Amino acid sequence: MTDEITKLDLAKIESNLKTRKIGRADNWSNEVWDEIDSTNTRAAVIARNGAHQGVIVLARQQTAGRGRLGRTWVSPPDAGIYASFLLRPEAAALANIATITLASGVAFSTAIERISGIRVGLKWVNDLIVNERKLGGILAELPNVDGQTALIIGVGINVRFSEEELPEELKNKMEWLERCCAAPVDVNLLVSEMAYQLELGNSGAARHWLIRQC
């Protein structure tokens, strides 16, 4: 495997974008961190500082990644995609966070299938499932931002792990893409496709709910 496809590279991600909004905010102000506590936490900070809709925050490793209900999200270096998308929808679109999470899951599962060929199921409300094991998870959050709406859609997708290094309690619960594919996965191409599918939405759903068209 080469770093070209297995490590996050902002230039490669942006060169593959097919979006009109996501990933194109503020003169390409997307971020890739070698290490960060949480991409959702960072996205909330830049939202409070006035960042525009569409910024993507990514990390090669999270030291305090989190999932739903405050659970820890295992985020070793270059083992997965850890990403947060900052959107600024109309306030009325935020009435049902569970529906937003589910719509995002449809978008991300579509992106995974298009890039890897792997069919991904959804488990209510925020889990991406393959072979009855957890491949990924979604955490949608509404940061407290004065005077304007902000929605952060965070996602973690397991790409490559060594089963021997996993805690015993996770070995029968986790799945990862490269084990499913038996081949390396281009994480940069996948992130670009995730952005596109989130903006496009399955049957236009995510666009209708989340993406301001102004």
# chains A, B, ... in the order shown; residues from 1 in each chain; ligands from 1
$ select_by_dssp --residues "stretch 130-197 of chain A" --states "strand (DSSP E)" --output "compact mmCIF listing (two decimals) with C-alpha atoms, in the first residue's frame"
# COMPACT_ATOMS: atom_id res chain seq x y z
CA VAL A 130 -21.50 -4.67 7.18
CA ARG A 133 -20.60 -5.60 12.41
CA LYS A 134 -20.07 -1.88 12.81
CA LEU A 135 -18.19 -0.29 9.93
CA GLY A 136 -18.84 3.30 10.91
CA GLY A 137 -20.93 5.74 12.84
CA ILE A 138 -22.44 9.21 12.49
CA LEU A 139 -22.68 11.93 15.11
CA ALA A 140 -24.77 14.96 14.15
CA GLU A 141 -24.47 17.88 16.57
CA LEU A 151 -25.02 21.73 12.01
CA ILE A 152 -22.01 19.44 12.27
CA ILE A 153 -22.23 16.00 10.70
CA GLY A 154 -19.40 13.87 12.01
CA VAL A 155 -18.58 10.44 10.66
CA GLY A 156 -16.05 7.77 11.43
CA ILE A 157 -15.45 4.92 8.98
CA ASN A 158 -13.17 2.00 9.76
$ residues_around --residues "stretch 167-171 of chain A" --least-positions-apart "3" --cutoff "12 Å" --atoms "only C-alpha atoms" --output "number ranges by chain"
A: 73-74, 133-135, 161-164, 174-176
$ write_last_selection --atoms "N, CA and C atoms" --output "short mmCIF file (atom, residue, chain, number, x, y, z; two decimals), in the first residue's frame"
data_model
loop_
_atom_site.label_atom_id
_atom_site.label_comp_id
_atom_site.auth_asym_id
_atom_site.auth_seq_id
_atom_site.Cartn_x
_atom_site.Cartn_y
_atom_site.Cartn_z
N TRP A 73 -14.90 6.76 20.41
CA TRP A 73 -14.72 6.23 19.06
C TRP A 73 -13.24 5.93 18.86
N VAL A 74 -12.91 4.66 18.62
CA VAL A 74 -11.53 4.25 18.45
C VAL A 74 -10.98 4.83 17.15
N ARG A 133 -21.61 -6.26 11.59
CA ARG A 133 -20.60 -5.60 12.41
C ARG A 133 -20.56 -4.11 12.06
N LYS A 134 -20.07 -3.33 12.99
CA LYS A 134 -20.07 -1.88 12.81
C LYS A 134 -18.89 -1.44 11.97
N LEU A 135 -19.20 -0.85 10.82
CA LEU A 135 -18.19 -0.29 9.93
C LEU A 135 -17.94 1.19 10.22
N PHE A 161 -7.61 -2.11 10.02
CA PHE A 161 -7.23 -2.43 11.39
C PHE A 161 -6.47 -3.74 11.39
N SER A 162 -5.70 -3.96 12.42
CA SER A 162 -5.12 -5.26 12.69
C SER A 162 -5.94 -5.89 13.82
N GLU A 163 -6.56 -7.01 13.51
CA GLU A 163 -7.45 -7.62 14.51
C GLU A 163 -6.70 -7.93 15.81
N GLU A 164 -5.42 -8.25 15.69
CA GLU A 164 -4.64 -8.59 16.88
C GLU A 164 -4.49 -7.39 17.82
N MET A 174 -16.58 -5.08 15.28
CA MET A 174 -16.10 -4.10 14.30
C MET A 174 -15.83 -4.74 12.95
N GLU A 175 -16.08 -3.99 11.90
CA GLU A 175 -15.70 -4.37 10.55
C GLU A 175 -14.94 -3.22 9.94
N TRP A 176 -14.11 -3.50 8.93
CA TRP A 176 -13.39 -2.43 8.25
C TRP A 176 -13.32 -2.72 6.76
#
$ residues_around --residues "A:Gly121" --least-positions-apart "2" --cutoff "8 Å" --atoms "only C-alpha atoms" --output "PyMOL selection string"
chain A and resi 109+119+123+128-130
$ select_by_dssp --residues "stretch 35-213 of chain A" --states "helix (DSSP H, G or I)" --output "PDB file with C-alpha atoms, in the first residue's frame"
ATOM      1  CA  THR A  39     -13.061  16.654  14.392  1.00  0.00           C
ATOM      2  CA  ASN A  40     -16.555  17.535  15.661  1.00  0.00           C
ATOM      3  CA  THR A  41     -15.032  19.613  18.463  1.00  0.00           C
ATOM      4  CA  ARG A  42     -12.835  21.450  15.975  1.00  0.00           C
ATOM      5  CA  ALA A  43     -15.770  22.016  13.608  1.00  0.00           C
ATOM      6  CA  ALA A  44     -17.750  23.545  16.476  1.00  0.00           C
ATOM      7  CA  VAL A  45     -14.883  25.953  17.191  1.00  0.00           C
ATOM      8  CA  ILE A  46     -14.664  27.200  13.623  1.00  0.00           C
ATOM      9  CA  ALA A  47     -18.469  27.429  13.456  1.00  0.00           C
ATOM     10  CA  ARG A  48     -18.420  29.769  16.452  1.00  0.00           C
ATOM     11  CA  ARG A  68     -23.449   8.772  20.213  1.00  0.00           C
ATOM     12  CA  LEU A  69     -24.332   8.953  23.936  1.00  0.00           C
ATOM     13  CA  GLY A  70     -20.783   9.965  24.782  1.00  0.00           C
ATOM     14  CA  ALA A  91     -33.439  26.671  11.429  1.00  0.00           C
ATOM     15  CA  ALA A  92     -36.560  24.727  10.430  1.00  0.00           C
ATOM     16  CA  ALA A  93     -34.376  21.973   8.963  1.00  0.00           C
ATOM     17  CA  LEU A  94     -32.970  21.125  12.389  1.00  0.00           C
ATOM     18  CA  ILE A  97     -31.757  15.382  14.285  1.00  0.00           C
ATOM     19  CA  ALA A  98     -32.481  11.644  13.993  1.00  0.00           C
ATOM     20  CA  THR A  99     -33.820  12.123  10.466  1.00  0.00           C
ATOM     21  CA  ILE A 100     -30.771  14.199   9.550  1.00  0.00           C
ATOM     22  CA  THR A 101     -28.508  11.448  10.882  1.00  0.00           C
ATOM     23  CA  LEU A 102     -30.356   8.804   8.887  1.00  0.00           C
ATOM     24  CA  ALA A 103     -30.230  10.867   5.684  1.00  0.00           C
ATOM     25  CA  SER A 104     -26.493  11.340   6.209  1.00  0.00           C
ATOM     26  CA  GLY A 105     -26.117   7.585   6.682  1.00  0.00           C
ATOM     27  CA  VAL A 106     -27.778   6.973   3.331  1.00  0.00           C
ATOM     28  CA  ALA A 107     -25.379   9.429   1.685  1.00  0.00           C
ATOM     29  CA  PHE A 108     -22.271   7.897   3.253  1.00  0.00           C
ATOM     30  CA  SER A 109     -23.321   4.312   2.572  1.00  0.00           C
ATOM     31  CA  THR A 110     -23.917   5.242  -1.073  1.00  0.00           C
ATOM     32  CA  ALA A 111     -20.432   6.781  -1.265  1.00  0.00           C
ATOM     33  CA  ILE A 112     -18.817   3.678   0.244  1.00  0.00           C
ATOM     34  CA  GLU A 113     -20.545   1.409  -2.235  1.00  0.00           C
ATOM     35  CA  ARG A 114     -19.567   3.579  -5.207  1.00  0.00           C
ATOM     36  CA  ILE A 115     -15.886   3.624  -4.242  1.00  0.00           C
ATOM     37  CA  SER A 116     -15.411   0.160  -2.762  1.00  0.00           C
ATOM     38  CA  GLU A 163      -7.449  -7.624  14.508  1.00  0.00           C
ATOM     39  CA  GLU A 164      -4.643  -8.592  16.876  1.00  0.00           C
ATOM     40  CA  GLU A 165      -4.413  -4.981  18.093  1.00  0.00           C
ATOM     41  CA  GLU A 168     -11.071  -8.237  22.906  1.00  0.00           C
ATOM     42  CA  GLU A 169     -14.526  -6.729  23.383  1.00  0.00           C
ATOM     43  CA  LEU A 170     -14.424  -5.163  19.885  1.00  0.00           C
ATOM     44  CA  LEU A 177     -13.391  -1.734   4.533  1.00  0.00           C
ATOM     45  CA  GLU A 178     -10.090  -3.275   3.532  1.00  0.00           C
ATOM     46  CA  ARG A 179     -11.011  -6.572   5.135  1.00  0.00           C
ATOM     47  CA  CYS A 180     -14.282  -6.531   3.186  1.00  0.00           C
ATOM     48  CA  CYS A 181     -12.561  -5.554  -0.068  1.00  0.00           C
ATOM     49  CA  VAL A 187      -9.438   7.293   1.364  1.00  0.00           C
ATOM     50  CA  ASN A 188      -9.078  10.585  -0.516  1.00  0.00           C
ATOM     51  CA  LEU A 189     -11.407   9.501  -3.278  1.00  0.00           C
ATOM     52  CA  LEU A 190     -13.844   8.186  -0.688  1.00  0.00           C
ATOM     53  CA  VAL A 191     -13.935  11.470   1.242  1.00  0.00           C
ATOM     54  CA  SER A 192     -14.617  13.377  -1.994  1.00  0.00           C
ATOM     55  CA  GLU A 193     -17.472  10.995  -2.832  1.00  0.00           C
ATOM     56  CA  MET A 194     -18.871  11.307   0.707  1.00  0.00           C
ATOM     57  CA  ALA A 195     -18.995  15.079   0.320  1.00  0.00           C
ATOM     58  CA  TYR A 196     -20.752  14.725  -3.038  1.00  0.00           C
ATOM     59  CA  GLN A 197     -23.332  12.243  -1.795  1.00  0.00           C
ATOM     60  CA  LEU A 198     -24.026  14.315   1.309  1.00  0.00           C
ATOM     61  CA  GLU A 199     -24.681  17.357  -0.846  1.00  0.00           C
ATOM     62  CA  LEU A 200     -26.648  15.492  -3.465  1.00  0.00           C
ATOM     63  CA  ASN A 202     -30.382  10.088  -1.832  1.00  0.00           C
ATOM     64  CA  SER A 203     -33.308  11.247  -3.974  1.00  0.00           C
ATOM     65  CA  GLY A 204     -32.334  14.812  -3.122  1.00  0.00           C
ATOM     66  CA  ALA A 205     -33.195  14.410   0.560  1.00  0.00           C
ATOM     67  CA  ALA A 206     -30.041  15.849   2.090  1.00  0.00           C
ATOM     68  CA  ARG A 207     -30.081  18.790  -0.326  1.00  0.00           C
ATOM     69  CA  HIS A 208     -33.679  19.566   0.642  1.00  0.00           C
ATOM     70  CA  TRP A 209     -33.035  19.456   4.371  1.00  0.00           C
ATOM     71  CA  LEU A 210     -29.506  20.638   4.854  1.00  0.00           C
TER      72      LEU A 210
END
$ closest_residue --among "A:Lys7, A:His52, A:Arg160, A:Lys18" --to "A:Trp33" --atoms "only C-alpha atoms"
A:Lys7
